[in-house]
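**Q** Below you will find the structure I want to go over with you.
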2 protein chains.
Amino acid sequence: MRKTTTRLSDGRELIYYDADPAGAVPTPPRRPLPDPRPVPPATRAGTSERRVDRLTGETVAYAAHRQDRTFLPPADQCPLCPSTDERASEIPDRDYRVAVFENRFPAFSGEAGRCELVCFTPEHDRSFADIGEAQAGLVLEVWTDRTAALGALPGVRQVYPFENRGAEIGVTLSHPHGQVYGYPYLPPRTGRELRALAGHRSRTGGNLADELLADELADGRRVVAESTHWVAYVPHAARWPYEVHLRPHRRVPDLTALHAAERAEFPRLYLRLLRGFDLLFGPGQPPTPYIAAWQQAPLGGRGERGEFGEFGEFNELTIGREEFALRLELFTIRRGPGKLKYLAGSESGAGAFVSDVLPETAAARLREVTAQ
Amino acid sequence: MRKTTTRLSDGRELIYYDADPAGAVPTPPRRPLPDPRPVPPATRAGTSERRVDRLTGETVAYAAHRQDRTFLPPADQCPLCPSTDERASEIPDRDYRVAVFENRFPAFSGEAGRCELVCFTPEHDRSFADIGEAQAGLVLEVWTDRTAALGALPGVRQVYPFENRGAEIGVTLSHPHGQVYGYPYLPPRTGRELRALAGHRSRTGGNLADELLADELADGRRVVAESTHWVAYVPHAARWPYEVHLRPHRRVPDLTALHAAERAEFPRLYLRLLRGFDLLFGPGQPPTPYIAAWQQAPLGGRGERGEFGEFGEFNELTIGREEFALRLELFTIRRGPGKLKYLAGSESGAGAFVSDVLPETAAARLREVTAQ
C-alpha cells in the first residue's frame, strides 16, 4: 500500500491509498493533481458543539452547518467519482483506488474530533459486496491506517469506521463510501460497554466479551459463519431484525492490533456476509439497506474523569484498552420484503427495542444466504 | 367520565370512556354491544420473549407474531373506526368517545406486561391537534386511568402512554390513536435516568430533575411556553431536531398524582404545541411526523435487584418514585422541509446523536409557531 497525502483547495486533507491489485509489483508513486476548484467562501467553517444530557449522561453533538449538505445528487454530479476534464469532483485525479478526505460537512472538526469520507472504489455503480477481495483488503488497510492516524489526534476518544448503505438509512450519496468518525468524546454505547466490562472484571475476574463469545460458540445456534481467525454470529440479545457481529477469535482492542493472518482472512468472510445480506429477502428485492460499524477500544486514560456527567461511579472503575474486543457490527433495518423496522415511541422514546425476529431465526436465515 | 369494560370475541379487553362534552350532565350508561366476529384461531397467542444484552445492560423484547400485523389498511377498512352494519371493526359499537383495547399484536402480554391501543376519537380523518380541548381532557383522564390500571398489574415496571404519528415514523394505522405499554422491565432510558437521579441525590442532596428545570427557567432561551402549572421547553441537550418537554412545575411521579388544576390546564397547552408542530416547516408542508410520550416514574421496589444485568452498582442505589419528574416528551424526526433525521451509523451503532438544529434555534422557531 502506498499513501499519498495532499490538500483540497479549501484546505481539507485528501489521502490516496494505492496498491497493485495482485500485490506483487510495487505501486508506482502518485503525483497528486491540484484541486482546480476556487477556494469557496468559508465552506469549511461551521459551528460544532457538544453537550451532555445530565439526565441520561449521553453526549449530543450539534453541527448546524450540516443542514445544507449535498442531498442525493444525480450520478453525473457525484462528488465521490474521479474528476473528469469537464467536471471537478472532491477527488481531483482521474482515477484512484481508495481515497479518503475530510468531510465538507463534518459533525466534528478542528481541535475536537474529525470526520472523514472513505471512497471504497472509483466505480460509482458498485457496492461493497462486489468490489472484490483485493479491494476489500485494501479498504481494511485504510481503516487500520485511519484508526492509527485519528487515534493519534489529541482530542479523539474513539475511532469509528462505518458504512451507511441505502436511502432507507438516510444515505445522501449513492457512490460506495463509508465514513470514519474520530469522536472527541466517549459515545454512549461505548460508555455502557466499558462499564459492563469493568463491572464484570471486578466481580468475577473474567473478561465479559470473551465469555460472551465462548457462550455463543458453545451454544452454536446463532453462529452464522466461522473461519480460522474470525467468527460471525447473531448476538443473543440482538436489537435489529438481522444483526451480525464479526470478531476475531483473539481479543484485540482495535484494527491496528490485528495480525497479518487475521487481516488476510477478513475480506472473504465479510464479502460473504454482505452478499448474504442482499439475498435475505428473496430474489427481486432491492439491495438491503445496512449499517456496518467497527467497535473499537476507546482512547484516553485508564480510570480518568470520563464523559459520564452524573455517572460519577464510572470514575471509580479502572479498565484498560485490552479489555475491549474489536468487532464489526453489521445490521439492517429491513424486517421483511418492503417492510422496515422503525424506531418509534418505544425505541426512540424509552430506548426499549422490540424486535419481530428472534436471533435464532435470523441466524438460521443468515446461514442459508451466506452458504457458499 | 364513565368507564365501561367488555371483551372482544377473542378475549381481549375493550374499555369505553364516555363523557358529556360539556361535562355538565351525567353521562348515560353504555350497554356494550357484543363483538359479532367469530373467535379467530389463536390470533392472540404468539411468542413474546425478552433478553438482556449483557454488554450494554439493555433489555430487548422479541415478538415474532407481530410480523403479520395490519399494515396501512384503506380507510374503509380501518379497524379503529366504529363498526357499521356492513363491517365489524375492533370496536363493536356504532360510536364511542375514547376507546381502549388490548393490542392484537402486542409486544408483551399475559403475565409479562401489557400493550393497549387508545383511540383518541371516532373520527378517522382528524389528528390529535384538532380534537378539541374537551376531548383532549378526556384522553388525559384515560391516560391517567390506564396508568393506574396497568400499574396495578403485578409484572409491570413502567406505564408508558405514547403516540406515534405519521408514516415516516412507521405508523401502520392512520386513525388518530396512541398506545400504552406496560413494560414488564425497566426500559433502558428510565434506568439511566434513575441512576443519574440517585447519583445526584447522593452527591449533592438535591433533585436533578428540579435543578434542570430551574436552570431552564433561569436561562429562558429554550422555554417555549409556560402556564400557571406547566412549562414547555427544549432541553439543553436535545437529541431531536425539534424536541419539547412539557412538565408540571410541581414535581410529580406520574399522571395519577396530578391535581385538578394541573389537569385542567394541560389540554390547551398541549394542543397549542401540537398545532405548532404542524406549522414548523412552513405552509403547504405535510403534517409533521412526531412521537409524543409520557415519561413516568417506574414501579417496583426501592433499591431492588434491577434489570441492569452487568450493572451491579445500580443495586446499591436507593431511590424513591417521588424523585422522578413526570413529563411529556414531544419530538419530530423532520429536520427541514422534505428532510428527515435518520438514525444511521453514529446514532444506531454508537448511540451518539448528531443534530443539525441547535436547541436555542429550535426553541425560537417553536415559540414563533406556537404564539397564539
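By convention in this document, the chains of the C-alpha cells carry letters A, B, ... by their order, each chain's residues are numbered from 1, and ligands are numbered from 1 in the order they are shown.
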Could you give me, as JSON lines, every chain A residue with an atom at most 7 Å from chain B, plus its closest atom pair and distance in Å to one decimal, counting only C-alpha atoms, rows ordered by chain then number?
**A**
```
{"residue": "A:Arg51", "atom": "CA", "partner": "B:Ala237", "partner_atom": "CA", "distance": 5.6}
{"residue": "A:Val52", "atom": "CA", "partner": "B:Ala237", "partner_atom": "CA", "distance": 6.1}
{"residue": "A:Asp53", "atom": "CA", "partner": "B:Ala237", "partner_atom": "CA", "distance": 5.1}
{"residue": "A:Leu55", "atom": "CA", "partner": "B:Glu193", "partner_atom": "CA", "distance": 5.2}
{"residue": "A:Thr56", "atom": "CA", "partner": "B:Arg192", "partner_atom": "CA", "distance": 5.2}
{"residue": "A:Thr59", "atom": "CA", "partner": "B:Ala352", "partner_atom": "CA", "distance": 6.9}
{"residue": "A:Val60", "atom": "CA", "partner": "B:Phe353", "partner_atom": "CA", "distance": 5.2}
{"residue": "A:Ala61", "atom": "CA", "partner": "B:Val354", "partner_atom": "CA", "distance": 4.7}
{"residue": "A:Tyr62", "atom": "CA", "partner": "B:Ser355", "partner_atom": "CA", "distance": 4.8}
{"residue": "A:Ala63", "atom": "CA", "partner": "B:Asp356", "partner_atom": "CA", "distance": 5.1}
{"residue": "A:Ala64", "atom": "CA", "partner": "B:Asp356", "partner_atom": "CA", "distance": 4.4}
{"residue": "A:Arg66", "atom": "CA", "partner": "B:Asp356", "partner_atom": "CA", "distance": 6.0}
{"residue": "A:Gln67", "atom": "CA", "partner": "B:Asp356", "partner_atom": "CA", "distance": 5.8}
{"residue": "A:Ala107", "atom": "CA", "partner": "B:Val354", "partner_atom": "CA", "distance": 6.7}
{"residue": "A:Phe162", "atom": "CA", "partner": "B:Gly345", "partner_atom": "CA", "distance": 6.4}
{"residue": "A:Glu163", "atom": "CA", "partner": "B:Gly345", "partner_atom": "CA", "distance": 7.0}
{"residue": "A:Asn164", "atom": "CA", "partner": "B:Gly345", "partner_atom": "CA", "distance": 6.1}
{"residue": "A:Ile169", "atom": "CA", "partner": "B:Ala344", "partner_atom": "CA", "distance": 5.9}
{"residue": "A:Gly170", "atom": "CA", "partner": "B:Tyr342", "partner_atom": "CA", "distance": 5.4}
{"residue": "A:Pro187", "atom": "CA", "partner": "B:Ala352", "partner_atom": "CA", "distance": 5.3}
{"residue": "A:Pro188", "atom": "CA", "partner": "B:Gly351", "partner_atom": "CA", "distance": 5.3}
{"residue": "A:Arg189", "atom": "CA", "partner": "B:Gly351", "partner_atom": "CA", "distance": 5.3}
{"residue": "A:Thr190", "atom": "CA", "partner": "B:Ala350", "partner_atom": "CA", "distance": 6.9}
{"residue": "A:Arg192", "atom": "CA", "partner": "B:Thr56", "partner_atom": "CA", "distance": 5.2}
{"residue": "A:Glu193", "atom": "CA", "partner": "B:Leu55", "partner_atom": "CA", "distance": 5.2}
{"residue": "A:Ala196", "atom": "CA", "partner": "B:Glu310", "partner_atom": "CA", "distance": 5.3}
{"residue": "A:Gly199", "atom": "CA", "partner": "B:Glu310", "partner_atom": "CA", "distance": 6.4}
{"residue": "A:His200", "atom": "CA", "partner": "B:Glu310", "partner_atom": "CA", "distance": 6.4}
{"residue": "A:Ala237", "atom": "CA", "partner": "B:Asp53", "partner_atom": "CA", "distance": 5.1}
{"residue": "A:Arg239", "atom": "CA", "partner": "B:Val60", "partner_atom": "CA", "distance": 6.4}
{"residue": "A:Ile291", "atom": "CA", "partner": "B:Gly345", "partner_atom": "CA", "distance": 5.9}
{"residue": "A:Ala293", "atom": "CA", "partner": "B:Gly349", "partner_atom": "CA", "distance": 6.7}
{"residue": "A:Glu310", "atom": "CA", "partner": "B:Ala196", "partner_atom": "CA", "distance": 5.3}
{"residue": "A:Phe311", "atom": "CA", "partner": "B:Ala196", "partner_atom": "CA", "distance": 6.2}
{"residue": "A:Tyr342", "atom": "CA", "partner": "B:Gly170", "partner_atom": "CA", "distance": 5.4}
{"residue": "A:Ala344", "atom": "CA", "partner": "B:Ile169", "partner_atom": "CA", "distance": 5.9}
{"residue": "A:Gly345", "atom": "CA", "partner": "B:Ile291", "partner_atom": "CA", "distance": 5.9}
{"residue": "A:Gly349", "atom": "CA", "partner": "B:Ala293", "partner_atom": "CA", "distance": 6.7}
{"residue": "A:Ala350", "atom": "CA", "partner": "B:Arg189", "partner_atom": "CA", "distance": 5.3}
{"residue": "A:Gly351", "atom": "CA", "partner": "B:Pro188", "partner_atom": "CA", "distance": 5.3}
{"residue": "A:Ala352", "atom": "CA", "partner": "B:Pro187", "partner_atom": "CA", "distance": 5.3}
{"residue": "A:Phe353", "atom": "CA", "partner": "B:Val60", "partner_atom": "CA", "distance": 5.2}
{"residue": "A:Val354", "atom": "CA", "partner": "B:Ala61", "partner_atom": "CA", "distance": 4.7}
{"residue": "A:Ser355", "atom": "CA", "partner": "B:Tyr62", "partner_atom": "CA", "distance": 4.8}
{"residue": "A:Asp356", "atom": "CA", "partner": "B:Ala64", "partner_atom": "CA", "distance": 4.4}
{"residue": "A:Val357", "atom": "CA", "partner": "B:Ala64", "partner_atom": "CA", "distance": 5.4}
{"residue": "A:Leu358", "atom": "CA", "partner": "B:Tyr62", "partner_atom": "CA", "distance": 6.2}
```
**Q** Fit chain A to chain B, all Cα atoms paired in order, least squares. Then write it as a compact mmCIF listing (two decimals) with C-alpha atoms, in the first residue's frame.
**A**
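Contents of superposed-v1.txt, as written:
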```
# COMPACT_ATOMS: atom_id res chain seq x y z
CA MET A 1 -66.11 10.18 32.91
CA ARG A 2 -67.85 6.82 32.73
CA LYS A 3 -65.86 3.66 32.14
CA THR A 4 -67.46 0.53 30.62
CA THR A 5 -65.43 -2.65 30.28
CA THR A 6 -66.25 -5.55 27.94
CA ARG A 7 -64.39 -8.20 25.96
CA LEU A 8 -63.82 -8.83 22.27
CA SER A 9 -64.60 -12.25 20.81
CA ASP A 10 -61.02 -13.41 21.22
CA GLY A 11 -60.99 -12.44 24.89
CA ARG A 12 -59.14 -9.15 24.68
CA GLU A 13 -60.40 -6.38 26.93
CA LEU A 14 -62.16 -3.34 25.43
CA ILE A 15 -62.90 -0.29 27.55
CA TYR A 16 -65.13 2.63 26.59
CA TYR A 17 -64.56 6.01 28.21
CA ASP A 18 -67.57 8.24 27.85
CA ALA A 19 -68.15 11.81 28.97
CA ASP A 20 -70.53 14.57 28.17
CA PRO A 21 -68.69 17.08 25.98
CA ALA A 22 -69.59 19.98 28.26
CA GLY A 23 -69.02 17.92 31.38
CA ALA A 24 -72.31 19.23 32.74
CA VAL A 25 -74.89 16.48 32.45
CA PRO A 26 -74.20 12.93 33.66
CA THR A 27 -73.04 10.54 30.96
CA PRO A 28 -75.68 7.91 30.26
CA PRO A 29 -74.66 4.32 30.94
CA ARG A 30 -73.34 2.39 27.95
CA ARG A 31 -74.55 -1.14 27.27
CA PRO A 32 -71.67 -2.56 25.28
CA LEU A 33 -72.59 -4.41 22.09
CA PRO A 34 -71.12 -7.88 21.61
CA ASP A 35 -68.27 -8.36 19.15
CA PRO A 36 -70.00 -10.11 16.21
CA ARG A 37 -66.77 -11.54 14.80
CA PRO A 38 -66.09 -15.27 15.15
CA VAL A 39 -63.31 -16.26 17.51
CA PRO A 40 -60.22 -16.36 15.33
CA PRO A 41 -57.85 -19.29 15.61
CA ALA A 42 -55.28 -18.24 18.17
CA THR A 43 -54.71 -14.70 16.92
CA ARG A 44 -53.97 -13.63 20.41
CA ALA A 45 -51.22 -16.06 21.14
CA GLY A 46 -47.69 -15.49 19.98
CA THR A 47 -44.30 -15.83 21.44
CA SER A 48 -43.09 -12.89 23.42
CA GLU A 49 -39.68 -13.07 24.98
CA ARG A 50 -37.13 -10.72 26.43
CA ARG A 51 -33.39 -10.85 26.83
CA VAL A 52 -30.74 -8.63 28.35
CA ASP A 53 -27.75 -7.57 26.28
CA ARG A 54 -25.04 -8.11 28.86
CA LEU A 55 -22.62 -5.80 27.04
CA THR A 56 -24.91 -2.79 27.41
CA GLY A 57 -27.34 -3.85 30.12
CA GLU A 58 -30.26 -3.15 27.77
CA THR A 59 -33.34 -5.36 27.66
CA VAL A 60 -34.64 -6.27 24.19
CA ALA A 61 -38.14 -7.71 23.65
CA TYR A 62 -39.02 -10.15 20.86
CA ALA A 63 -42.52 -10.52 19.45
CA ALA A 64 -42.28 -12.63 16.32
CA HIS A 65 -46.08 -12.74 15.87
CA ARG A 66 -46.06 -9.00 15.16
CA GLN A 67 -44.52 -9.60 11.72
CA ASP A 68 -48.04 -10.11 10.34
CA ARG A 69 -49.64 -7.07 11.87
CA THR A 70 -52.10 -4.94 9.92
CA PHE A 71 -50.26 -2.62 7.55
CA LEU A 72 -51.85 0.62 6.32
CA PRO A 73 -55.37 -0.67 5.52
CA PRO A 74 -57.60 1.50 3.30
CA ALA A 75 -59.78 4.00 5.21
CA ASP A 76 -62.97 1.97 4.71
CA GLN A 77 -61.37 -1.00 6.47
CA CYS A 78 -59.95 0.91 9.41
CA PRO A 79 -60.04 -1.34 12.50
CA LEU A 80 -60.21 1.71 14.82
CA CYS A 81 -63.37 3.31 13.38
CA PRO A 82 -66.69 2.40 14.98
CA SER A 83 -68.37 -0.66 13.48
CA THR A 84 -71.11 -0.23 10.88
CA ASP A 85 -73.92 -2.52 9.78
CA GLU A 86 -71.70 -3.69 6.95
CA ARG A 87 -68.41 -4.13 8.75
CA ALA A 88 -67.20 -5.12 12.21
CA SER A 89 -64.10 -3.22 13.34
CA GLU A 90 -62.18 -3.71 16.59
CA ILE A 91 -64.85 -1.58 18.28
CA PRO A 92 -68.28 -3.25 18.03
CA ASP A 93 -70.29 -0.12 18.83
CA ARG A 94 -71.61 2.45 16.36
CA ASP A 95 -69.92 5.26 18.22
CA TYR A 96 -67.53 5.96 21.05
CA ARG A 97 -65.71 8.88 22.67
CA VAL A 98 -62.40 7.29 23.62
CA ALA A 99 -61.88 3.53 23.38
CA VAL A 100 -59.04 1.40 24.70
CA PHE A 101 -58.39 -2.22 23.84
CA GLU A 102 -55.60 -4.75 24.16
CA ASN A 103 -53.36 -4.81 21.12
CA ARG A 104 -53.97 -7.77 18.84
CA PHE A 105 -50.24 -7.83 18.06
CA PRO A 106 -48.68 -6.98 21.42
CA ALA A 107 -45.01 -6.54 22.16
CA PHE A 108 -45.71 -8.02 25.60
CA SER A 109 -48.76 -9.71 27.07
CA GLY A 110 -50.11 -12.17 29.59
CA GLU A 111 -48.15 -12.41 32.80
CA ALA A 112 -45.43 -10.17 31.46
CA GLY A 113 -46.67 -6.73 30.63
CA ARG A 114 -49.47 -5.36 28.52
CA CYS A 115 -49.93 -3.36 25.30
CA GLU A 116 -53.03 -1.32 24.63
CA LEU A 117 -54.35 0.86 21.85
CA VAL A 118 -56.07 4.14 22.68
CA CYS A 119 -58.43 5.54 20.04
CA PHE A 120 -58.36 9.30 20.61
CA THR A 121 -61.52 10.00 18.61
CA PRO A 122 -64.01 8.03 16.48
CA GLU A 123 -63.33 10.42 13.58
CA HIS A 124 -60.88 8.82 11.18
CA ASP A 125 -59.61 11.95 9.48
CA ARG A 126 -58.78 14.05 12.50
CA SER A 127 -55.47 14.35 14.29
CA PHE A 128 -54.82 14.90 17.98
CA ALA A 129 -54.09 18.57 17.30
CA ASP A 130 -57.70 19.21 16.25
CA ILE A 131 -59.78 17.00 18.57
CA GLY A 132 -60.57 19.97 20.80
CA GLU A 133 -59.83 20.72 24.44
CA ALA A 134 -62.70 18.73 25.95
CA GLN A 135 -61.71 15.60 24.06
CA ALA A 136 -58.01 16.12 24.90
CA GLY A 137 -59.05 16.42 28.54
CA LEU A 138 -60.86 13.09 28.28
CA VAL A 139 -57.75 11.49 26.75
CA LEU A 140 -55.71 12.81 29.69
CA GLU A 141 -58.20 11.13 32.04
CA VAL A 142 -57.89 7.91 30.06
CA TRP A 143 -54.07 8.01 30.17
CA THR A 144 -54.34 8.57 33.92
CA ASP A 145 -56.75 5.68 34.38
CA ARG A 146 -54.55 3.37 32.28
CA THR A 147 -51.52 4.41 34.35
CA ALA A 148 -53.36 3.31 37.48
CA ALA A 149 -54.76 0.13 35.90
CA LEU A 150 -51.57 -1.12 34.27
CA GLY A 151 -49.50 0.01 37.23
CA ALA A 152 -51.57 -2.34 39.40
CA LEU A 153 -50.63 -5.40 37.31
CA PRO A 154 -48.02 -7.46 39.14
CA GLY A 155 -45.40 -7.68 36.39
CA VAL A 156 -45.46 -4.09 35.17
CA ARG A 157 -42.41 -1.90 35.92
CA GLN A 158 -43.34 1.22 33.95
CA VAL A 159 -46.51 2.52 32.29
CA TYR A 160 -45.70 4.36 29.08
CA PRO A 161 -48.51 6.13 27.18
CA PHE A 162 -47.33 7.35 23.79
CA GLU A 163 -48.42 8.38 20.32
CA ASN A 164 -46.59 7.71 17.07
CA ARG A 165 -47.88 9.99 14.33
CA GLY A 166 -47.09 9.75 10.63
CA ALA A 167 -46.01 7.12 8.12
CA GLU A 168 -42.43 8.47 8.41
CA ILE A 169 -42.41 7.11 12.00
CA GLY A 170 -43.70 3.76 10.79
CA VAL A 171 -47.32 4.22 11.78
CA THR A 172 -49.39 1.44 10.20
CA LEU A 173 -52.87 2.80 11.02
CA SER A 174 -53.74 6.40 10.16
CA HIS A 175 -56.74 6.71 12.51
CA PRO A 176 -55.78 9.02 15.43
CA HIS A 177 -54.60 6.68 18.14
CA GLY A 178 -51.88 6.08 20.65
CA GLN A 179 -50.62 3.20 22.68
CA VAL A 180 -49.93 2.37 26.30
CA TYR A 181 -47.14 -0.05 27.09
CA GLY A 182 -46.97 -1.65 30.48
CA TYR A 183 -43.30 -2.67 30.34
CA PRO A 184 -42.50 -5.82 32.31
CA TYR A 185 -38.96 -4.47 32.76
CA LEU A 186 -37.24 -1.16 33.23
CA PRO A 187 -36.77 0.49 29.80
CA PRO A 188 -33.11 1.45 29.23
CA ARG A 189 -33.61 5.22 29.24
CA THR A 190 -35.52 5.06 32.50
CA GLY A 191 -32.70 3.04 34.02
CA ARG A 192 -30.19 5.70 33.02
CA GLU A 193 -32.35 8.44 34.44
CA LEU A 194 -32.78 6.63 37.75
CA ARG A 195 -29.04 6.22 38.01
CA ALA A 196 -28.50 9.91 37.30
CA LEU A 197 -31.14 10.97 39.82
CA ALA A 198 -29.75 8.65 42.49
CA GLY A 199 -26.16 9.67 41.84
CA HIS A 200 -27.00 13.35 42.03
CA ARG A 201 -29.03 12.93 45.21
CA SER A 202 -26.26 11.02 46.91
CA ARG A 203 -23.59 13.51 45.86
CA THR A 204 -25.42 16.80 46.32
CA GLY A 205 -28.57 16.10 48.31
CA GLY A 206 -30.69 17.71 45.58
CA ASN A 207 -33.13 16.55 42.92
CA LEU A 208 -31.54 16.67 39.48
CA ALA A 209 -34.81 16.98 37.53
CA ASP A 210 -35.90 20.02 39.53
CA GLU A 211 -32.48 21.62 39.21
CA LEU A 212 -32.53 21.13 35.45
CA LEU A 213 -35.96 22.76 35.29
CA ALA A 214 -34.78 25.66 37.43
CA ASP A 215 -31.79 26.07 35.09
CA GLU A 216 -34.10 26.14 32.06
CA LEU A 217 -36.35 28.75 33.65
CA ALA A 218 -33.40 30.91 34.74
CA ASP A 219 -31.79 30.71 31.30
CA GLY A 220 -35.06 31.16 29.42
CA ARG A 221 -33.66 30.79 25.89
CA ARG A 222 -35.17 27.34 25.42
CA VAL A 223 -38.52 27.94 27.13
CA VAL A 224 -41.26 27.59 24.52
CA ALA A 225 -44.42 28.22 26.55
CA GLU A 226 -45.46 28.50 30.16
CA SER A 227 -48.73 28.49 32.05
CA THR A 228 -49.54 28.62 35.74
CA HIS A 229 -48.90 24.92 36.27
CA TRP A 230 -46.91 23.74 33.24
CA VAL A 231 -43.78 24.65 31.36
CA ALA A 232 -42.68 23.57 27.87
CA TYR A 233 -39.02 23.78 26.95
CA VAL A 234 -36.44 22.38 24.56
CA PRO A 235 -33.92 20.57 26.77
CA HIS A 236 -30.35 21.86 26.86
CA ALA A 237 -29.04 18.68 25.16
CA ALA A 238 -32.00 17.79 22.92
CA ARG A 239 -31.38 14.80 20.66
CA TRP A 240 -34.03 15.51 18.01
CA PRO A 241 -34.31 18.38 15.52
CA TYR A 242 -37.38 19.72 17.34
CA GLU A 243 -37.97 18.35 20.81
CA VAL A 244 -40.13 19.78 23.58
CA HIS A 245 -40.53 18.57 27.13
CA LEU A 246 -43.76 19.51 28.86
CA ARG A 247 -43.83 19.08 32.61
CA PRO A 248 -45.74 20.45 35.56
CA HIS A 249 -43.84 22.99 37.64
CA ARG A 250 -44.54 20.74 40.61
CA ARG A 251 -42.58 17.51 40.51
CA VAL A 252 -44.98 14.53 40.46
CA PRO A 253 -44.05 10.90 39.76
CA ASP A 254 -46.87 10.09 37.33
CA LEU A 255 -50.21 11.14 35.86
CA THR A 256 -52.21 9.83 38.81
CA ALA A 257 -50.56 12.42 41.06
CA LEU A 258 -51.67 15.49 39.09
CA HIS A 259 -54.01 17.93 40.82
CA ALA A 260 -57.30 19.01 39.26
CA ALA A 261 -55.89 22.44 38.39
CA GLU A 262 -52.90 20.87 36.64
CA ARG A 263 -55.16 18.54 34.67
CA ALA A 264 -57.45 21.37 33.64
CA GLU A 265 -54.60 23.38 32.17
CA PHE A 266 -52.94 20.61 30.19
CA PRO A 267 -55.18 20.28 27.09
CA ARG A 268 -54.89 23.88 25.95
CA LEU A 269 -51.09 23.98 26.20
CA TYR A 270 -50.59 20.57 24.63
CA LEU A 271 -52.89 21.28 21.68
CA ARG A 272 -51.01 24.55 21.14
CA LEU A 273 -47.74 22.63 20.91
CA LEU A 274 -49.21 20.05 18.52
CA ARG A 275 -50.65 22.71 16.22
CA GLY A 276 -47.28 24.47 16.32
CA PHE A 277 -45.52 21.28 15.27
CA ASP A 278 -47.62 21.17 12.09
CA LEU A 279 -46.57 24.75 11.27
CA LEU A 280 -42.83 24.19 11.85
CA PHE A 281 -41.86 23.75 8.22
CA GLY A 282 -44.03 26.40 6.63
CA PRO A 283 -47.29 26.39 4.73
CA GLY A 284 -48.07 23.58 2.32
CA GLN A 285 -45.93 21.03 4.14
CA PRO A 286 -47.48 17.67 5.03
CA PRO A 287 -48.37 17.06 8.69
CA THR A 288 -45.28 16.81 10.88
CA PRO A 289 -44.47 13.25 11.95
CA TYR A 290 -43.94 13.10 15.68
CA ILE A 291 -43.57 10.92 18.74
CA ALA A 292 -45.19 12.02 22.00
CA ALA A 293 -44.54 10.00 25.13
CA TRP A 294 -45.15 10.28 28.86
CA GLN A 295 -42.10 9.55 30.98
CA GLN A 296 -43.37 8.31 34.33
CA ALA A 297 -41.77 6.99 37.50
CA PRO A 298 -41.16 3.25 37.36
CA LEU A 299 -42.85 0.81 39.67
CA GLY A 300 -41.28 -1.78 41.87
CA GLY A 301 -39.23 -1.67 44.97
CA ARG A 302 -36.68 0.78 46.14
CA GLY A 303 -33.15 -0.44 45.57
CA GLU A 304 -34.37 -3.84 44.44
CA ARG A 305 -32.34 -6.07 42.19
CA GLY A 306 -32.95 -4.31 38.92
CA GLU A 307 -32.78 -5.23 35.26
CA PHE A 308 -29.27 -3.97 34.76
CA GLY A 309 -27.51 -7.21 34.09
CA GLU A 310 -23.86 -6.37 34.47
CA PHE A 311 -24.56 -3.05 36.15
CA GLY A 312 -24.35 -4.37 39.65
CA GLU A 313 -23.59 -0.96 41.04
CA PHE A 314 -27.19 0.13 40.40
CA ASN A 315 -28.35 -2.19 43.12
CA GLU A 316 -26.49 -0.14 45.67
CA LEU A 317 -28.45 2.96 44.79
CA THR A 318 -31.74 3.57 46.47
CA ILE A 319 -34.23 5.96 45.04
CA GLY A 320 -37.91 6.53 45.59
CA ARG A 321 -40.58 7.13 42.96
CA GLU A 322 -41.00 10.66 44.25
CA GLU A 323 -37.57 11.58 42.82
CA PHE A 324 -38.85 11.13 39.28
CA ALA A 325 -40.44 14.07 37.46
CA LEU A 326 -43.37 13.27 35.17
CA ARG A 327 -43.02 14.84 31.74
CA LEU A 328 -44.33 14.52 28.23
CA GLU A 329 -41.65 14.39 25.55
CA LEU A 330 -42.75 15.55 22.10
CA PHE A 331 -40.34 15.38 19.18
CA THR A 332 -40.15 15.08 15.43
CA ILE A 333 -37.66 13.39 13.15
CA ARG A 334 -38.25 16.00 10.44
CA ARG A 335 -35.31 18.39 10.29
CA GLY A 336 -36.45 20.54 7.37
CA PRO A 337 -38.98 20.62 4.53
CA GLY A 338 -38.76 17.20 2.89
CA LYS A 339 -35.81 16.19 5.07
CA LEU A 340 -35.81 13.61 7.83
CA LYS A 341 -33.29 12.94 10.56
CA TYR A 342 -32.21 9.34 10.07
CA LEU A 343 -30.64 7.33 12.83
CA ALA A 344 -27.69 5.94 10.91
CA GLY A 345 -24.23 4.70 11.89
CA SER A 346 -23.49 7.20 14.63
CA GLU A 347 -26.87 7.08 16.37
CA SER A 348 -27.85 3.44 15.76
CA GLY A 349 -24.38 1.95 16.08
CA ALA A 350 -22.62 4.13 18.64
CA GLY A 351 -25.63 5.71 20.36
CA ALA A 352 -24.13 9.13 19.53
CA PHE A 353 -26.71 11.62 18.30
CA VAL A 354 -25.58 14.32 15.89
CA SER A 355 -28.23 17.01 15.45
CA ASP A 356 -28.42 19.70 12.78
CA VAL A 357 -30.54 22.08 14.86
CA LEU A 358 -29.27 23.88 17.96
CA PRO A 359 -31.78 23.69 20.84
CA GLU A 360 -31.92 27.51 21.08
CA THR A 361 -32.74 27.76 17.36
CA ALA A 362 -35.42 25.09 17.72
CA ALA A 363 -36.93 26.86 20.73
CA ALA A 364 -37.07 30.21 18.90
CA ARG A 365 -38.89 28.60 15.98
CA LEU A 366 -41.25 26.74 18.31
CA ARG A 367 -42.09 30.00 20.11
CA GLU A 368 -42.99 31.55 16.74
CA VAL A 369 -45.28 28.73 15.64
CA THR A 370 -46.98 28.29 19.00
CA ALA A 371 -47.65 32.01 19.54
CA GLN A 372 -51.40 32.51 19.83
```
**Q** Determine which residues of range 213-338 of chain A DSSP labels as strand (DSSP E or B) from the backbone of this structure, then write them out as number ranges by chain.
**A** A: 223-226, 230-233, 242-248, 290-295, 327-332, 334-336
